[in-house]
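One structure is given here, and the rest of the page talks about it.
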Amino acid sequence: MKAAAESDSTFARWAYAHYFQFDRDKDTNNLIVKCTLCVKPKDLSTSRNSTSNLTKHLARCHANIKLVTKKRKQTEDESGEKTAKQQKLTFSHSAMLEPREVRRLVPEYVVEDMLPLSTGESPSFRNIVSKIPVQASNDTVSFYYQCLNRLVQLGYRLSPRYTLAFSRPTELKRTIEEQQHVSTTADIWSANNRSYLGVTVHWIDACKQFRGRHTFDQIAAEIEEIFSEYGLTHDKVTACVTDNGTNFVKCFKEYQYVEPEEEEEEELEEELEEELEEGEAEGEVELTDLQSVLLTAEEEDAQAGLCVLPPHHRCAAHTLNLIVNNEVDKWLATNPVSRVVYRNATAKCSALWTKTSRSTVASDCLEEVGEKKLIVPTVTRWNKFYDAYARITEMPLTNINNLCTQFQIKCMNDREYQFLKEYCAIMKPFTVALDILQGEDTCFYGTLQPTIEVLMAKTLAMRNGLSPMTNGLPEVIVGAIKTRFAATIDSKAALLASVSLPKFKLRWVKEETKRDHITFLLTTECRSLPTEEPAALMPDAPQPAAVNSSEEDFFSFDEQVKITSYLNSAPVMESLHQFPRIKRIALRYNAPTPSSAPVERLFSLGSLVLTPKRNRLGDGRFQRLLLFTLIVICNFEQCSYPHRT
């Protein structure tokens with residue numbers, strides 16, 4: 001037993017173990033030993049993995065005795081095998097980095113952390129780089145010079161032809177050509193007395209300086225230039241998502257591509273035939289001045305600006321923000337029942353936010369009263385206002401009034417506190433809808449229609465149990481949603497996008513007539529798609545009899561069976577592979593995003609690149625630095641098309 005204890009415990013290898021005598025095992029984790037220095041030996045408990053108890057015993061009871069350490073030899077266990085020794089770490093050439101990897105990692109570190117490009121000239125940074133273990137080369141000094149020289153010259157070498165990571169147009173165009181449908185988002189951002197127009201094509205981003213006034217014709221010209229640079233034609237781009245700014249709205253209203261209708265084409269053909277018949281009857285040939293025709297055509301082209309833009313979608317998140325900031329605030333401020341309590345409650349909340357954000361004493365008082373700090377809202381995002389109101393309503397009214405007393409602010413009464421609670425309860429579905437629509441990777445255009453329908457249903461369900469202060473607010477919200485989303489609700493594109501998403505299909509539709517209408521749209525769209533060419537038949541296989549195309553279209557029962565099978569399939573994206581036609585519809589109508597959040601995130605990253613200390617960055621260098629930073633963060637080599645099913 002003693003041999004076993006010495007072989008599998010820390011006590012057996014302890015330098016002072018010879019002052020103790022092993023007695024027995026207490027349990028699986030502890031031992032019982034006896035001290036040989038004590039006059040009356042007593043049982044001492046110690047852990048198998050620690051001798052701290054025995055060390056304390058020696059220091060407490062035998063401090064006047066000079067203890068001598070004794071090295072214990074390695075023992076063999078019963079099987080005769082020696083105890084395994086710890087391996088030593090070796091830094092061989094296999095653990096060192098290759099020179100080309102160091103030359104890649106150093107610039108990536110500087111760009112990703114948004115350090116100035118002059119970092120490579122710093123002596124301390126050069127000293128750090130020189131300590132990196134690199135495989136032996138013929139000229140180590142030359143290698144480090146090349147590595148740091150690459151970093152110093154990075155600003156001059158950031159050209160579109162340098163590498164794929166710095167936006168090689170040919171590679172980007174080739175990648176775009178592989179996609180059947182894409183969508184874009186656009187917005188304008190100003191910082192450090194400069195304006196930039198941002199355009200995102202899912203994971204491909206473009207950001208260039210916008211010179212001049214932000215007029216609709218200038219915006220159209222800049223967007224079309226970006227589209228032309230990356231080969232984005234109007235038949236490939238299904239939609240461009242922007243905010244509700246009047247300049248963007250007018251831009252797409254004036255220059256949006258409109259497909260000619262069949263009726264208009266037939267009328268033009270009839271007019272041309274009539275003119276030809278009249279000319280033949282009169283037997284006269286009408287002469288036309290070629291110069292006047294060319295001048296008129298040039299004037300018309302100049303007026304049109306030669307800009308052709310894709311269909312325009314307004315940002316759903318920005319539209320919902322406008323509903324809260326305009327319709328909801330206007331109703332609360334003008335309704336006789338809620339007007340006074342709304343103004344008083346919001347004014348007292350604003351006073352609390354101001355005090356706690358500007359005074360350290362007030363912040364300390366808040367920590368004593370509550371465990372959480374107050375959220376100070378921002379002007380650009382209504383979600384922050386909701387979160388700030390909700391944080392206040394989480395506190396008891398007595399704690400709020402105690403803070404108001406300490407801050408010398410008017411206390412909040414029960415009616416105002418009840419108003420804030422009802423307001424947060426009504427607007428809770430609104431915040432959830434905003435968070436859903438602001439997604440990017442997993443939020444498709446087909447999410448918009450179900451989200452709006454569920455939002456209106458949940459908002460109307462809040463009418464029961466409300467006080468007269470907020471009793472009419474749900475109807476106001478639903479009415480504003482129907483007005484602002486009038487062009488989207490029940491539109492063909494929105495319905496096909498929703499039904500072609502396996503996550504939704506028809507589960508969000510309650511009316512039977514509407515379900516039949518959406519099914520009819522899906523069936524019609526599937527039949528309108530061109531038929532895929534069948535695979536080549538074997539030479540020895542019997543050839544089927546020829547079938548008239550019109551007769552085949554007349555007896556197209558198979559399409560209806562496939563749609564029924566799709567509607568009953570599992571709600572996962574992989575199920576689209578079993579239905580090629582519906583998959584093509586989903587790729588086309590779900591390419592746009594419901595909101596312009598991607599370009600907003602682009603500008604958020606741009607503000608970190610274009611800091612006040614780097615305001616002398618050139619336009620081209622800033623654009624390429626921003627693109628390279630996006631590529632490094634998103635791991636460009638492994639990035640895939642986010643809306644591909």
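The way I read the labels, and the way they are meant: chains A, B, ... in the order of the structure tokens, residue 1 as the first residue of every chain, and ligand 1 as the first ligand shown, with later ones counted on from there.
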
- Excluding Leu352 (chain A) and residues on its chain fewer than 4 positions from it, collect all residues at most 12 Å away from it, counting only C-alpha atoms, and give them as a PyMOL selection string. chain A and resi 345-348+356-359+362-363+365-366+373-377+388-389+391-392+400-412

- Query: Within 12 Å of Lys42 (chain A), counting only C-alpha atoms, which residues qualify if same-chain residues fewer than 5 places away don't, as a PyMOL selection string?
  - Reply: chain A and resi 20-23+32-37+57

- Message: Which of region 303-444 of chain A end up as strand (DSSP E or B) when DSSP is run on this backbone - answer as JSON, numbers by chain?
- Response: {"A": [309, 312, 313, 314]}

I need the residues from that last selection saved to file as a PDB file, in the first residue's frame (with N, CA and C atoms), if you can.
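File produced: result-v4.pdb:
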```pdb
ATOM      1  N   LEU A 309     -31.209  52.929 -63.795  1.00  0.00           N
ATOM      2  CA  LEU A 309     -31.042  52.370 -62.460  1.00  0.00           C
ATOM      3  C   LEU A 309     -32.015  51.222 -62.244  1.00  0.00           C
ATOM      4  N   HIS A 312     -36.249  50.349 -57.188  1.00  0.00           N
ATOM      5  CA  HIS A 312     -35.900  50.970 -55.901  1.00  0.00           C
ATOM      6  C   HIS A 312     -36.759  50.394 -54.780  1.00  0.00           C
ATOM      7  N   HIS A 313     -36.094  49.979 -53.701  1.00  0.00           N
ATOM      8  CA  HIS A 313     -36.783  49.555 -52.483  1.00  0.00           C
ATOM      9  C   HIS A 313     -36.392  50.494 -51.355  1.00  0.00           C
ATOM     10  N   ARG A 314     -37.383  50.981 -50.635  1.00  0.00           N
ATOM     11  CA  ARG A 314     -37.098  51.835 -49.491  1.00  0.00           C
ATOM     12  C   ARG A 314     -36.743  50.977 -48.275  1.00  0.00           C
TER      13      ARG A 314
END
```

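Coordinates place CA of Ala591 (chain A) at a distance of 5.5 Å from CA of Val182 (chain A).
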
- Return the single residue from A:Ile582, A:Val110, A:Ala351, A:Val102 that is closest to Val129 (chain A), with distances computed using only C-alpha atoms.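 Using only C-alpha atoms, Val129 (chain A) sits closest to A:Val102.
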
- Task: Find the distance between CA of Arg527 (chain A) and CA of Arg584 (chain A) and write it in Å to one decimal.
- Result: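 Spanning CA of Arg527 (chain A) to CA of Arg584 (chain A) is a straight-line distance of 12.1 Å.
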
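The two atoms in question, CA of Ala316 (chain A) and CA of Ala186 (chain A), are spaced 13.8 Å apart.
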
- Determine, counting only C-alpha atoms, which protein, DNA and RNA residues have an atom within 12 Å of an atom of Lys26 (chain A); residues of the same chain fewer than 2 positions away are not included. Present the result as a list in words.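 In the requested format, the answer is Ala5, Phe22, Asp23, Arg24, Thr28, Asn29, Asn30, Leu31, Ile32, Val33, Asp43, Leu44, Ser45, Thr46, Ser47 and Arg48 of chain A.
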
Just write the chosen residues, C-alpha atoms, as a PDB file, in the first residue's frame.
```
ATOM      1  CA  ALA A   5       0.793   5.689  -2.243  1.00  0.00           C
ATOM      2  CA  PHE A  22       2.133   6.773   5.509  1.00  0.00           C
ATOM      3  CA  ASP A  23      -0.736   5.133   7.410  1.00  0.00           C
ATOM      4  CA  ARG A  24      -3.692   4.481   5.108  1.00  0.00           C
ATOM      5  CA  THR A  28      -9.890   8.309  -3.303  1.00  0.00           C
ATOM      6  CA  ASN A  29      -8.588  11.887  -2.986  1.00  0.00           C
ATOM      7  CA  ASN A  30      -6.940  12.022   0.484  1.00  0.00           C
ATOM      8  CA  LEU A  31      -4.286  10.175   2.511  1.00  0.00           C
ATOM      9  CA  ILE A  32      -3.716   9.675   6.284  1.00  0.00           C
ATOM     10  CA  VAL A  33      -0.095  10.080   7.482  1.00  0.00           C
ATOM     11  CA  ASP A  43      -3.262  11.324  12.199  1.00  0.00           C
ATOM     12  CA  LEU A  44      -2.876  14.095   9.571  1.00  0.00           C
ATOM     13  CA  SER A  45      -4.975  14.315   6.417  1.00  0.00           C
ATOM     14  CA  THR A  46      -3.419  15.454   3.144  1.00  0.00           C
ATOM     15  CA  SER A  47      -4.521  15.509  -0.470  1.00  0.00           C
ATOM     16  CA  ARG A  48      -3.008  13.225  -3.066  1.00  0.00           C
TER      17      ARG A  48
END
```

Which residues come within 9 Å of Trp382 (chain A), counting only C-alpha atoms, excluding same-chain residues fewer than 4 positions away, as a PDB file with N, CA, C and O atoms, in the first residue's frame?
```pdb
ATOM      1  N   ASN A 321     -38.759  53.529 -38.448  1.00  0.00           N
ATOM      2  CA  ASN A 321     -38.302  54.643 -37.615  1.00  0.00           C
ATOM      3  C   ASN A 321     -39.087  55.914 -37.889  1.00  0.00           C
ATOM      4  O   ASN A 321     -39.402  56.670 -36.963  1.00  0.00           O
ATOM      5  N   VAL A 324     -42.500  55.864 -36.104  1.00  0.00           N
ATOM      6  CA  VAL A 324     -42.443  56.193 -34.668  1.00  0.00           C
ATOM      7  C   VAL A 324     -42.158  57.668 -34.462  1.00  0.00           C
ATOM      8  O   VAL A 324     -42.796  58.324 -33.623  1.00  0.00           O
ATOM      9  N   ASN A 325     -41.218  58.216 -35.221  1.00  0.00           N
ATOM     10  CA  ASN A 325     -40.816  59.608 -35.008  1.00  0.00           C
ATOM     11  C   ASN A 325     -41.820  60.609 -35.546  1.00  0.00           C
ATOM     12  O   ASN A 325     -41.804  61.775 -35.102  1.00  0.00           O
ATOM     13  N   PRO A 377     -30.229  57.562 -24.850  1.00  0.00           N
ATOM     14  CA  PRO A 377     -30.587  57.289 -26.258  1.00  0.00           C
ATOM     15  C   PRO A 377     -29.807  58.164 -27.218  1.00  0.00           C
ATOM     16  O   PRO A 377     -29.257  59.202 -26.846  1.00  0.00           O
ATOM     17  N   THR A 378     -29.769  57.718 -28.477  1.00  0.00           N
ATOM     18  CA  THR A 378     -29.185  58.491 -29.569  1.00  0.00           C
ATOM     19  C   THR A 378     -30.286  58.962 -30.494  1.00  0.00           C
ATOM     20  O   THR A 378     -31.357  58.353 -30.576  1.00  0.00           O
ATOM     21  N   TYR A 386     -36.421  53.433 -27.062  1.00  0.00           N
ATOM     22  CA  TYR A 386     -37.229  52.397 -26.422  1.00  0.00           C
ATOM     23  C   TYR A 386     -36.449  51.709 -25.307  1.00  0.00           C
ATOM     24  O   TYR A 386     -36.976  51.495 -24.209  1.00  0.00           O
ATOM     25  N   ASP A 387     -35.188  51.357 -25.577  1.00  0.00           N
ATOM     26  CA  ASP A 387     -34.381  50.710 -24.544  1.00  0.00           C
ATOM     27  C   ASP A 387     -34.202  51.619 -23.333  1.00  0.00           C
ATOM     28  O   ASP A 387     -34.179  51.136 -22.186  1.00  0.00           O
ATOM     29  N   THR A 431     -39.958  46.921 -31.797  1.00  0.00           N
ATOM     30  CA  THR A 431     -38.507  46.757 -31.663  1.00  0.00           C
ATOM     31  C   THR A 431     -38.049  45.391 -32.170  1.00  0.00           C
ATOM     32  O   THR A 431     -36.983  45.276 -32.778  1.00  0.00           O
TER      33      THR A 431
END
```

- Long-range neighbours of Val432 (chain A) as a PyMOL selection string, 12 Å cut-off, only C-alpha atoms, 6 positions minimum in chain: chain A and resi 317+320+383+386-387+425-426+438-439+451-452+454-455+458-459

- Message: Excluding Lys562 (chain A) and its own-chain neighbours fewer than 2 positions away, which residues fall within 12 Å of it when counting only C-alpha atoms? Please give them as a list in words.
- Response: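 Selected residues are Thr519, Leu522, Thr523, Cys526, Arg527, Ser556, Phe557, Asp558, Glu559, Gln560, Thr564, Ser565, Tyr566, Leu567, Asn568, Ser569, Leu576, Gln578, Phe579, Pro580, Arg581 and Ile582 of chain A.
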